[in-house]
file upload18.cif (mmCIF, C-alpha atoms and all ligand atoms)
data_entry
#
loop_
_atom_site.label_atom_id
_atom_site.label_comp_id
_atom_site.auth_asym_id
_atom_site.auth_seq_id
_atom_site.Cartn_x
_atom_site.Cartn_y
_atom_site.Cartn_z
CA MET A 87 132.61 -165.82 89.45
CA LEU A 88 131.47 -162.20 89.28
CA GLN A 89 133.20 -160.09 86.66
CA VAL A 90 133.68 -156.46 87.67
CA MET A 91 135.66 -153.86 85.75
CA ILE A 92 136.91 -150.53 87.02
CA ILE A 93 137.08 -147.93 84.25
CA ASN A 94 138.93 -144.67 84.69
CA GLY A 95 138.71 -141.79 82.25
CA PRO A 96 140.99 -138.88 81.34
CA ASN A 97 143.92 -137.83 83.52
CA LEU A 98 143.35 -140.61 86.04
CA ASN A 99 146.48 -142.34 84.73
CA LEU A 100 148.32 -139.56 86.59
CA LEU A 101 147.00 -140.52 90.02
CA GLY A 102 149.77 -140.22 92.59
CA ARG A 103 151.36 -137.33 90.70
CA ARG A 104 148.32 -135.26 89.76
CA GLU A 105 147.25 -132.66 92.37
CA PRO A 106 148.02 -135.05 95.28
CA GLU A 107 146.33 -132.67 97.75
CA ILE A 108 143.04 -133.47 95.97
CA TYR A 109 143.54 -136.97 94.60
CA GLY A 110 146.06 -138.49 97.02
CA GLU A 111 149.54 -139.92 96.63
CA ASP A 112 148.79 -143.49 95.57
CA THR A 113 149.11 -144.66 92.00
CA PHE A 114 146.13 -146.59 90.71
CA GLU A 115 148.34 -149.57 89.90
CA ASP A 116 149.38 -149.83 93.57
CA PHE A 117 145.79 -149.35 94.64
CA MET A 118 144.63 -152.16 92.30
CA LEU A 119 147.06 -154.56 94.00
CA HIS A 120 145.64 -153.56 97.38
CA LEU A 121 142.07 -153.94 96.09
CA LYS A 122 142.70 -157.38 94.56
CA GLY A 123 144.17 -158.42 97.92
CA LYS A 124 141.06 -157.23 99.74
CA PHE A 125 138.76 -159.32 97.55
CA VAL A 126 141.02 -162.34 97.15
CA ASP A 127 138.60 -164.53 99.10
CA SER A 128 135.51 -163.20 97.34
CA ASP A 129 134.02 -164.71 94.23
CA VAL A 130 134.93 -161.70 92.09
CA GLU A 131 137.35 -161.14 89.25
CA LEU A 132 138.51 -157.51 89.14
CA SER A 133 139.88 -155.90 86.02
CA TYR A 134 140.94 -152.37 85.20
CA PHE A 135 140.89 -150.15 82.12
CA GLN A 136 141.97 -146.53 81.76
CA SER A 137 141.86 -144.27 78.76
CA ASN A 138 142.24 -140.59 78.04
CA HIS A 139 140.09 -141.00 74.91
CA GLU A 140 136.32 -140.76 74.97
CA GLY A 141 135.83 -143.18 72.05
CA GLU A 142 137.99 -145.83 73.71
CA LEU A 143 135.87 -145.56 76.85
CA LEU A 144 132.71 -146.01 74.74
CA ASP A 145 134.24 -149.01 72.96
CA LYS A 146 135.15 -150.64 76.29
CA LEU A 147 131.65 -150.09 77.69
CA HIS A 148 130.14 -151.66 74.54
CA GLU A 149 132.59 -154.56 74.68
CA ILE A 150 132.01 -155.58 78.29
CA GLY A 151 128.64 -154.00 79.02
CA PHE A 152 126.60 -157.04 77.99
CA ASN A 153 128.60 -159.71 79.81
CA TYR A 154 130.11 -158.17 82.95
CA ASP A 155 128.23 -158.15 86.25
CA GLY A 156 129.22 -154.65 87.26
CA ILE A 157 131.20 -151.61 86.19
CA VAL A 158 132.77 -148.99 88.45
CA LEU A 159 133.20 -145.84 86.38
CA ASN A 160 135.16 -142.71 87.15
CA ALA A 161 134.80 -140.79 83.91
CA GLY A 162 136.92 -137.86 85.14
CA ALA A 163 136.00 -134.59 83.47
CA LEU A 164 133.95 -136.43 80.83
CA THR A 165 131.39 -136.87 83.62
CA HIS A 166 130.55 -133.21 83.22
CA THR A 167 130.61 -133.01 79.43
CA SER A 168 129.83 -136.28 77.70
CA ILE A 169 126.31 -137.12 76.58
CA ALA A 170 127.86 -139.90 74.48
CA LEU A 171 129.21 -141.58 77.62
CA ALA A 172 125.82 -141.24 79.34
CA ASP A 173 124.16 -142.81 76.28
CA ALA A 174 126.63 -145.71 76.40
CA VAL A 175 125.93 -146.32 80.09
CA ALA A 176 122.19 -146.27 79.34
CA ALA A 177 122.64 -148.64 76.38
CA ILE A 178 124.46 -151.45 78.18
CA GLU A 179 123.00 -154.02 80.56
CA ALA A 180 125.65 -154.12 83.28
CA PRO A 181 124.93 -151.90 86.29
CA VAL A 182 127.34 -148.98 86.57
CA ILE A 183 128.40 -147.19 89.74
CA GLU A 184 129.75 -143.68 89.29
CA VAL A 185 132.74 -142.94 91.49
CA HIS A 186 134.61 -139.69 92.13
CA ILE A 187 137.68 -139.57 94.31
CA SER A 188 137.10 -135.98 95.38
CA ASN A 189 133.85 -134.53 96.67
CA VAL A 190 132.88 -132.80 93.44
CA HIS A 191 130.12 -130.91 95.28
CA LYS A 192 132.70 -129.05 97.35
CA ARG A 193 134.54 -127.90 94.25
CA GLU A 194 133.93 -125.70 91.21
CA ALA A 195 130.34 -125.31 90.01
CA PHE A 196 131.14 -126.99 86.67
CA ARG A 197 131.88 -130.24 88.53
CA GLN A 198 128.47 -130.34 90.12
CA HIS A 199 126.59 -131.59 87.11
CA SER A 200 127.05 -135.14 85.91
CA TYR A 201 125.55 -136.45 82.67
CA ILE A 202 126.01 -140.01 83.83
CA SER A 203 124.48 -139.97 87.34
CA ALA A 204 120.94 -140.38 86.03
CA VAL A 205 121.81 -143.59 84.18
CA CYS A 206 123.92 -145.14 86.94
CA GLU A 207 122.82 -147.55 89.64
CA GLY A 208 124.39 -145.34 92.32
CA LEU A 209 127.11 -142.84 93.12
CA ILE A 210 130.04 -142.78 95.52
CA VAL A 211 131.67 -139.39 95.82
CA GLY A 212 134.38 -137.91 98.01
CA PHE A 213 135.82 -140.95 99.78
CA GLY A 214 139.14 -140.98 97.96
CA LEU A 215 140.26 -144.28 96.42
CA ARG A 216 138.16 -145.97 99.11
CA GLY A 217 135.16 -145.21 96.89
CA TYR A 218 136.23 -147.85 94.36
CA GLU A 219 136.42 -150.41 97.15
CA LEU A 220 132.93 -149.51 98.37
CA ALA A 221 131.61 -149.88 94.83
CA VAL A 222 133.19 -153.33 94.38
CA GLN A 223 131.82 -154.31 97.81
CA TYR A 224 128.34 -153.41 96.60
CA PHE A 225 128.63 -155.73 93.60
CA VAL A 226 130.05 -158.55 95.74
C1 LIG B 1 137.07 -136.67 89.38
C2 LIG B 1 136.36 -135.33 89.49
C3 LIG B 1 136.27 -134.67 88.13
O1 LIG B 1 135.62 -133.41 88.25
C4 LIG B 1 137.66 -134.44 87.57
O2 LIG B 1 137.56 -133.87 86.29
C5 LIG B 1 138.48 -135.65 87.56
C6 LIG B 1 138.43 -136.54 88.72
C7 LIG B 1 137.29 -137.33 90.76
O3 LIG B 1 137.54 -138.53 90.78
O4 LIG B 1 137.23 -136.65 91.80
O5 LIG B 1 139.25 -135.91 86.64
O6 LIG B 1 136.26 -137.56 88.61
#

call {"tool": "encode", "arguments": {"input": "upload18.cif", "output": "structure tokens"}}
result
Amino acid sequence: MLQVMIINGPNLNLLGRREPEIYGEDTFEDFMLHLKGKFVDSDVELSYFQSNHEGELLDKLHEIGFNYDGIVLNAGALTHTSIALADAVAAIEAPVIEVHISNVHKREAFRQHSYISAVCEGLIVGFGLRGYELAVQYFV
């Protein structure tokens, strides 16, 4: 059984309420139910972790990064600021896919640099919550 974890960073707990014109109207909890349903017949166990705290995200990556088969990471704004998160992604063994709900390249200039892209297996950007599904599909 493949073990895949989705990790969301700061402010992504507010999905569904936060700027719905950019991030959509679904909560992540509802989306996780949908996603688990989609992969119910696949040999994959999906889990989810969200934190608004950089250190907690690092701790989670260290905890699972040597025994999970894949990590889907939307680091939120920490994508654009955190060398520590990039170092953690580089340090672990599990492949990481960077996901962004919005097309960050269509937005403000400060969203167009990611510290973590260079240490990720691949990137999925701008496909809404669908991006998480595509990332899980890749691992499956
Ligand atoms: C985001 C894009 C980031 O620039 C932003 O800070 C977020 C969400 C996205 O999923 O589109 O919090 O990662």

call {"tool": "residues_around", "arguments": {"input": "upload18.cif", "residues": "stretch 118-135 of chain A", "least_positions_apart": "3", "cutoff": "8 Å", "atoms": "all atoms listed in the file", "output": "list in words"}}
result
Met87, Leu88, Gln89, Val90, Met91, Ile92, Ile93, Asn94, Phe114, Glu115, Glu219 and Val226 of chain A

call {"tool": "residues_around", "arguments": {"input": "upload18.cif", "residues": "A:Ile210", "least_positions_apart": "3", "cutoff": "10 Å", "atoms": "all atoms listed in the file", "output": "PyMOL selection string"}}
result
chain A and resi 158+160+183-189+213-214+216-218+220-221

call {"tool": "residues_around", "arguments": {"input": "upload18.cif", "residues": "A:Lys146", "least_positions_apart": "2", "cutoff": "12 Å", "atoms": "all atoms listed in the file", "output": "VMD selection string"}}
result
chain A and resid 91 to 95 134 to 137 139 to 144 148 to 154 157 159 171 174 to 175 178

call {"tool": "closest_residue", "arguments": {"input": "upload18.cif", "among": "A:Gly212, A:Gly102, A:Pro181, A:Gly156", "to": "ligand LIG 1 (chain B)", "atoms": "all atoms listed in the file"}}
result
A:Gly212

call {"tool": "atom_distance", "arguments": {"input": "upload18.cif", "atom1": "atom CA of A:Gly162", "atom2": "atom CA of A:Val222"}}
result
18.4 Å

call {"tool": "closest_residue", "arguments": {"input": "upload18.cif", "among": "A:Ile169, A:His199, A:Asp155, A:Val190", "to": "A:Phe225", "atoms": "only C-alpha atoms"}}
result
A:Asp155

call {"tool": "closest_residue", "arguments": {"input": "upload18.cif", "among": "A:Leu147, A:Leu100, A:Ala163, A:Leu209", "to": "ligand LIG 1 (chain B)", "atoms": "all atoms listed in the file"}}
result
A:Ala163

call {"tool": "axis_aligned_box", "arguments": {"input": "upload18.cif", "around": "ligand LIG 1 (chain B)", "padding_each_side": "8 Å", "output": "AutoDock Vina command-line options"}}
result
--center_x 137.4 --center_y -136.0 --center_z 89.0 --size_x 19.6 --size_y 21.1 --size_z 21.5

call {"tool": "closest_residue", "arguments": {"input": "upload18.cif", "among": "A:Ser168, A:Thr113, A:Gln223, A:Gln198", "to": "ligand LIG 1 (chain B)", "atoms": "all atoms listed in the file"}}
result
A:Gln198

call {"tool": "atom_distance", "arguments": {"input": "upload18.cif", "atom1": "atom CA of A:His166", "atom2": "atom CA of A:Tyr201"}}
result
6.0 Å

call {"tool": "closest_residue", "arguments": {"input": "upload18.cif", "among": "A:Val182, A:Asp112, A:Tyr224, A:Leu164", "to": "ligand LIG 1 (chain B)", "atoms": "only C-alpha atoms and all ligand atoms"}}
result
A:Leu164

call {"tool": "atom_distance", "arguments": {"input": "upload18.cif", "atom1": "atom CA of A:Lys192", "atom2": "atom CA of A:Leu215"}}
result
17.0 Å

call {"tool": "closest_residue", "arguments": {"input": "upload18.cif", "among": "A:Ala195, A:Leu101, A:Val211, A:Ile202", "to": "A:Ala161", "atoms": "all atoms listed in the file"}}
result
A:Ile202

call {"tool": "decode", "arguments": {"input": "upload18.cif", "residues": "stretch 174-224 of chain A", "atoms": "C-alpha atoms", "output": "PDB file, in the first residue's frame"}}
result
ATOM      1  CA  ALA A 174      13.704  20.037   4.587  1.00  0.00           C
ATOM      2  CA  VAL A 175      12.362  18.921   1.202  1.00  0.00           C
ATOM      3  CA  ALA A 176      15.945  18.392   0.011  1.00  0.00           C
ATOM      4  CA  ALA A 177      16.837  16.471   3.187  1.00  0.00           C
ATOM      5  CA  ILE A 178      14.094  13.855   3.051  1.00  0.00           C
ATOM      6  CA  GLU A 179      13.882  10.826   0.769  1.00  0.00           C
ATOM      7  CA  ALA A 180      10.223  10.897  -0.240  1.00  0.00           C
ATOM      8  CA  PRO A 181       9.522  12.615  -3.569  1.00  0.00           C
ATOM      9  CA  VAL A 182       7.606  15.864  -3.162  1.00  0.00           C
ATOM     10  CA  ILE A 183       5.254  17.462  -5.674  1.00  0.00           C
ATOM     11  CA  GLU A 184       4.672  21.185  -5.266  1.00  0.00           C
ATOM     12  CA  VAL A 185       1.065  22.195  -5.824  1.00  0.00           C
ATOM     13  CA  HIS A 186      -0.546  25.630  -6.047  1.00  0.00           C
ATOM     14  CA  ILE A 187      -4.273  26.053  -6.431  1.00  0.00           C
ATOM     15  CA  SER A 188      -3.970  29.348  -8.281  1.00  0.00           C
ATOM     16  CA  ASN A 189      -1.704  30.055 -11.232  1.00  0.00           C
ATOM     17  CA  VAL A 190       0.936  31.929  -9.253  1.00  0.00           C
ATOM     18  CA  HIS A 191       2.543  33.101 -12.512  1.00  0.00           C
ATOM     19  CA  LYS A 192      -0.536  35.152 -13.366  1.00  0.00           C
ATOM     20  CA  ARG A 193      -0.426  36.926 -10.022  1.00  0.00           C
ATOM     21  CA  GLU A 194       1.860  39.301  -8.126  1.00  0.00           C
ATOM     22  CA  ALA A 195       5.578  39.185  -8.918  1.00  0.00           C
ATOM     23  CA  PHE A 196       6.434  38.041  -5.376  1.00  0.00           C
ATOM     24  CA  ARG A 197       4.533  34.786  -6.015  1.00  0.00           C
ATOM     25  CA  GLN A 198       6.637  33.923  -9.016  1.00  0.00           C
ATOM     26  CA  HIS A 199       9.655  32.692  -7.135  1.00  0.00           C
ATOM     27  CA  SER A 200       9.526  29.429  -5.241  1.00  0.00           C
ATOM     28  CA  TYR A 201      12.330  28.237  -2.972  1.00  0.00           C
ATOM     29  CA  ILE A 202      11.001  24.710  -3.094  1.00  0.00           C
ATOM     30  CA  SER A 203      10.532  24.103  -6.843  1.00  0.00           C
ATOM     31  CA  ALA A 204      14.186  23.227  -7.374  1.00  0.00           C
ATOM     32  CA  VAL A 205      14.073  20.431  -4.790  1.00  0.00           C
ATOM     33  CA  CYS A 206      10.706  18.985  -5.842  1.00  0.00           C
ATOM     34  CA  GLU A 207      10.049  16.147  -8.244  1.00  0.00           C
ATOM     35  CA  GLY A 208       7.556  18.295 -10.168  1.00  0.00           C
ATOM     36  CA  LEU A 209       5.060  21.133  -9.981  1.00  0.00           C
ATOM     37  CA  ILE A 210       1.336  21.442 -10.606  1.00  0.00           C
ATOM     38  CA  VAL A 211       0.117  25.010 -10.684  1.00  0.00           C
ATOM     39  CA  GLY A 212      -3.173  26.705 -11.505  1.00  0.00           C
ATOM     40  CA  PHE A 213      -5.598  23.788 -11.767  1.00  0.00           C
ATOM     41  CA  GLY A 214      -7.508  24.532  -8.583  1.00  0.00           C
ATOM     42  CA  LEU A 215      -8.009  21.670  -6.123  1.00  0.00           C
ATOM     43  CA  ARG A 216      -7.745  19.353  -9.137  1.00  0.00           C
ATOM     44  CA  GLY A 217      -3.975  19.814  -8.844  1.00  0.00           C
ATOM     45  CA  TYR A 218      -3.859  17.694  -5.680  1.00  0.00           C
ATOM     46  CA  GLU A 219      -5.692  14.919  -7.512  1.00  0.00           C
ATOM     47  CA  LEU A 220      -3.235  15.053 -10.414  1.00  0.00           C
ATOM     48  CA  ALA A 221      -0.340  14.840  -7.975  1.00  0.00           C
ATOM     49  CA  VAL A 222      -1.796  11.792  -6.198  1.00  0.00           C
ATOM     50  CA  GLN A 223      -2.467  10.226  -9.613  1.00  0.00           C
ATOM     51  CA  TYR A 224       1.218  10.626 -10.436  1.00  0.00           C
TER      52      TYR A 224
END
